Amino acid sequence: MREFIITKNDSGQRLNKFLEKAVPLLPGGLMHKYIRRKRIKRNGKRTEFSCRLEEGDVLQLYINDEFFEKAEEDTAYLRAKPDIDIVYEDAQILLVNKAPGVVVHADDSGTADTLIARIQAYLFQTGQWNPADEASFTPSLCNRIDRGTGGIVIAAKTAEALRVLNQKIRDRELHKSYLCVVCGRLRPKQGELRGYILRHPDEHRVSVHKTQVKGSRTAITKYRVLRETDELSLVECDLITGRTHQIRAHFASIDHPLLGDSKYGRNDMNRNYHRKNQCLCSYRLSFDFTTDAGSLSYLNGRTFTVPEVEFTALFPSQPNHERKKPHASHRR
């Protein structure tokens, strides 16, 4: 018999979800069978697979030892360096400015140097998280951005924060603004791009259509030009919808692709400006809760911004029309 005492991080989730993480070698069908036959009990009594666990609950599992053999653990955090740029941190969440080129989770490349591994390494080395003390919870990311995109990524340090933030993201109560550099000078300088985005998974890209085609989804991007040069525009974007590669594909579809974008962009411009990643940054995050946020209510109304976005250096500090002309008396 094995016993689990439910901690705060384990509480609030369904029994079957907890068991899937705490005993990953136990097949789902067998788990349900053992619950029905009272070989899995809660506080010494029969339970249901859908019951919500509470802090202090004791689970008794009368099942074979083979299911408790150590599964191969994800120990990437032990090999990762805690190299993260922290925008904000408290006891429940961590906002990190991801650098372009870093992947958020392990992907087809097989790299173990991921953002989540770096975050877990930081929390482990600072004593804020120890997997030995957790039955099912692991610090996790609440959002993700492309490898080549920089900006704010949200990590939950507690199970409750993870549940609340995932729900708030689904309910669109978190708002992100992006900065990007597009090729050419946009006209008009402020507007809205509308279209239909169709994913092509085999090619790892999307296409934008003016009318709806089978499998496509509506895409709406609001934009505002902040600065310009003869060849480039610095643009602020707000996503009304959140589709794969939306900003990159939308601007490419109107012949103003993002500088540095190797998938949708212009190779000549990318070479001229020595850019290997798209100039795109999720630079501002606002918490605009319209419903109860529980223990995260203190975040409501707060906005966090990346203090410095590297590619803005391509532009003058002020638009040309805002620069003060020299006083007549100073001229020769």
# chains A, B, ... in the order shown; residues from 1 in each chain; ligands from 1
>>> select_by_dssp(residues="segment 18-203 of chain A", states="strand (DSSP E or B)", output="ChimeraX atom specification")
/A:40-42,45,52,58-61,86-89,93-98,103,114,140-141,150-156,174-183,190-200
>>> select_by_dssp(residues="segment 161-248 of chain A", states="helix (DSSP H, G or I)", output="list of chain:residue names")
A:Ala161, A:Leu162, A:Arg163, A:Val164, A:Leu165, A:Asn166, A:Gln167, A:Lys168, A:Ile169, A:Arg170, A:Pro201, A:Asp202, A:Glu203, A:Gln246, A:Ile247, A:Arg248
>>> write_last_selection(atoms="N, CA, C and O atoms", output="CSV table (one decimal), in the first residue's frame")
chain,number,residue,atom,x,y,z
A,161,ALA,N,-2.3,29.1,-9.1
A,161,ALA,CA,-2.0,30.2,-10.1
A,161,ALA,C,-2.1,29.6,-11.5
A,161,ALA,O,-2.6,30.3,-12.4
A,162,LEU,N,-1.7,28.4,-11.7
A,162,LEU,CA,-1.8,27.8,-13.0
A,162,LEU,C,-3.3,27.7,-13.5
A,162,LEU,O,-3.6,28.0,-14.6
A,163,ARG,N,-4.1,27.2,-12.5
A,163,ARG,CA,-5.5,27.0,-12.9
A,163,ARG,C,-6.2,28.4,-13.2
A,163,ARG,O,-6.9,28.5,-14.1
A,164,VAL,N,-5.9,29.4,-12.3
A,164,VAL,CA,-6.6,30.7,-12.5
A,164,VAL,C,-6.1,31.3,-13.8
A,164,VAL,O,-6.9,31.8,-14.6
A,165,LEU,N,-4.8,31.3,-14.1
A,165,LEU,CA,-4.3,32.0,-15.2
A,165,LEU,C,-4.7,31.3,-16.5
A,165,LEU,O,-5.1,32.0,-17.5
A,166,ASN,N,-4.8,30.0,-16.5
A,166,ASN,CA,-5.2,29.3,-17.7
A,166,ASN,C,-6.7,29.7,-18.0
A,166,ASN,O,-7.1,29.8,-19.2
A,167,GLN,N,-7.5,29.8,-17.0
A,167,GLN,CA,-8.9,30.2,-17.2
A,167,GLN,C,-9.0,31.6,-17.7
A,167,GLN,O,-9.8,31.9,-18.6
A,168,LYS,N,-8.2,32.5,-17.1
A,168,LYS,CA,-8.2,33.9,-17.5
A,168,LYS,C,-7.8,34.1,-18.9
A,168,LYS,O,-8.3,35.0,-19.7
A,169,ILE,N,-6.8,33.3,-19.4
A,169,ILE,CA,-6.4,33.4,-20.8
A,169,ILE,C,-7.5,32.9,-21.7
A,169,ILE,O,-7.8,33.5,-22.7
A,170,ARG,N,-8.2,31.8,-21.3
A,170,ARG,CA,-9.3,31.3,-22.1
A,170,ARG,C,-10.4,32.4,-22.2
A,170,ARG,O,-11.1,32.5,-23.2
A,201,PRO,N,0.0,22.3,-41.4
A,201,PRO,CA,0.9,21.7,-40.4
A,201,PRO,C,2.2,21.0,-41.0
A,201,PRO,O,3.2,21.1,-40.5
A,202,ASP,N,2.0,20.4,-42.2
A,202,ASP,CA,3.1,19.7,-42.8
A,202,ASP,C,4.3,20.7,-43.2
A,202,ASP,O,5.4,20.3,-43.3
A,203,GLU,N,3.9,21.9,-43.5
A,203,GLU,CA,4.9,22.9,-43.9
A,203,GLU,C,5.3,23.8,-42.8
A,203,GLU,O,6.1,24.7,-42.9
A,246,GLN,N,0.0,34.7,-36.5
A,246,GLN,CA,-0.9,35.7,-37.1
A,246,GLN,C,-0.3,37.0,-37.5
A,246,GLN,O,-0.5,37.5,-38.6
A,247,ILE,N,0.5,37.6,-36.6
A,247,ILE,CA,1.2,38.9,-37.0
A,247,ILE,C,2.1,38.8,-38.1
A,247,ILE,O,2.1,39.5,-39.1
A,248,ARG,N,2.9,37.7,-38.1
A,248,ARG,CA,3.9,37.5,-39.2
A,248,ARG,C,3.2,37.3,-40.5
A,248,ARG,O,3.6,37.9,-41.6
>>> closest_atom_pairs(of="segment 43-110 of chain A", to="segment 12-31 of chain A", cutoff="10 Å", atoms="only C-alpha atoms", output="JSON lines")
{"residue": "A:Thr47", "atom": "CA", "partner": "A:Leu15", "partner_atom": "CA", "distance": 8.8}
{"residue": "A:Glu48", "atom": "CA", "partner": "A:Leu15", "partner_atom": "CA", "distance": 7.6}
{"residue": "A:Phe49", "atom": "CA", "partner": "A:Asn16", "partner_atom": "CA", "distance": 5.2}
{"residue": "A:Ser50", "atom": "CA", "partner": "A:Arg14", "partner_atom": "CA", "distance": 5.3}
{"residue": "A:Cys51", "atom": "CA", "partner": "A:Arg14", "partner_atom": "CA", "distance": 5.4}
{"residue": "A:Arg52", "atom": "CA", "partner": "A:Arg14", "partner_atom": "CA", "distance": 4.5}
{"residue": "A:Leu53", "atom": "CA", "partner": "A:Gly12", "partner_atom": "CA", "distance": 5.4}
{"residue": "A:Glu54", "atom": "CA", "partner": "A:Gly12", "partner_atom": "CA", "distance": 6.0}
{"residue": "A:Glu55", "atom": "CA", "partner": "A:Gly12", "partner_atom": "CA", "distance": 8.1}
{"residue": "A:Leu59", "atom": "CA", "partner": "A:Leu15", "partner_atom": "CA", "distance": 9.4}
{"residue": "A:Ile63", "atom": "CA", "partner": "A:Leu26", "partner_atom": "CA", "distance": 9.4}
{"residue": "A:Asn64", "atom": "CA", "partner": "A:Leu26", "partner_atom": "CA", "distance": 9.7}
{"residue": "A:Glu66", "atom": "CA", "partner": "A:Leu25", "partner_atom": "CA", "distance": 8.3}
{"residue": "A:Phe67", "atom": "CA", "partner": "A:Leu25", "partner_atom": "CA", "distance": 5.3}
{"residue": "A:Phe68", "atom": "CA", "partner": "A:Val23", "partner_atom": "CA", "distance": 6.6}
{"residue": "A:Glu69", "atom": "CA", "partner": "A:Leu25", "partner_atom": "CA", "distance": 7.9}
{"residue": "A:Lys70", "atom": "CA", "partner": "A:Leu25", "partner_atom": "CA", "distance": 8.8}
{"residue": "A:Ala71", "atom": "CA", "partner": "A:Leu25", "partner_atom": "CA", "distance": 7.1}
>>> closest_residue(among="A:Thr229, A:His200, A:Ala112, A:Thr291", to="Gly215 of chain A", atoms="only C-alpha atoms")
A:His200
>>> closest_residue(among="A:Thr114, A:Ser11, A:Thr305, A:Gln190", to="Arg79 of chain A", atoms="only C-alpha atoms")
A:Thr114
>>> residues_around(residues="Asn143 of chain A", least_positions_apart="5", cutoff="12 Å", atoms="only C-alpha atoms", output="number ranges by chain")
A: 94-96, 98, 104-105, 115-116, 151-156, 162, 165-170, 174-176, 242, 282, 285
>>> residues_around(residues="Leu258 of chain A", least_positions_apart="2", cutoff="6 Å", atoms="only C-alpha atoms", output="ChimeraX atom specification")
/A:181-182,261,265
>>> closest_residue(among="A:Ser317, A:Gln120, A:Ser286, A:Thr244", to="Arg302 of chain A", atoms="only C-alpha atoms")
A:Ser286
>>> residues_around(residues="Gly150 of chain A", least_positions_apart="5", cutoff="7 Å", atoms="only C-alpha atoms", output="list in words")
Asn97, Lys98, Ala99, Pro100, Leu280, Cys281 and Ser282 of chain A
>>> atom_distance(atom1="atom CA of Ala293 of chain A", atom2="atom CA of Gln92 of chain A")
12.8 Å
>>> residues_around(residues="segment 125-138 of chain A", least_positions_apart="2", cutoff="7 Å", atoms="only C-alpha atoms", output="MDAnalysis selection string")
chainID A and resid 9:10 18 21:22 121:123 140 159
>>> closest_residue(among="A:Lys33, A:His209, A:Lys222, A:His204", to="Ser177 of chain A", atoms="only C-alpha atoms")
A:Lys222
>>> residues_around(residues="Gly301 of chain A", least_positions_apart="6", cutoff="8 Å", atoms="only C-alpha atoms", output="list in words")
Ser286, Phe287, Asp288 and Phe289 of chain A
>>> write_last_selection(atoms="N, CA and C atoms", output="short mmCIF file (atom, residue, chain, number, x, y, z; two decimals), in the first residue's frame")
data_model
loop_
_atom_site.label_atom_id
_atom_site.label_comp_id
_atom_site.auth_asym_id
_atom_site.auth_seq_id
_atom_site.Cartn_x
_atom_site.Cartn_y
_atom_site.Cartn_z
N SER A 286 -1.13 43.05 -19.74
CA SER A 286 -2.06 43.68 -18.80
C SER A 286 -3.02 42.65 -18.25
N PHE A 287 -3.27 42.74 -16.95
CA PHE A 287 -4.25 41.88 -16.29
C PHE A 287 -5.54 42.68 -16.13
N ASP A 288 -6.57 42.30 -16.86
CA ASP A 288 -7.85 43.02 -16.86
C ASP A 288 -8.97 42.05 -16.49
N PHE A 289 -8.99 41.66 -15.22
CA PHE A 289 -9.97 40.67 -14.78
C PHE A 289 -11.37 41.27 -14.71
#
>>> atom_distance(atom1="atom CA of Tyr62 of chain A", atom2="atom CA of Ile6 of chain A")
17.0 Å
>>> closest_residue(among="A:Asp57, A:Glu236, A:Asp90, A:Glu231", to="Gly191 of chain A", atoms="only C-alpha atoms")
A:Glu236
>>> atom_distance(atom1="atom CA of Lys210 of chain A", atom2="atom CA of Arg194 of chain A")
7.8 Å
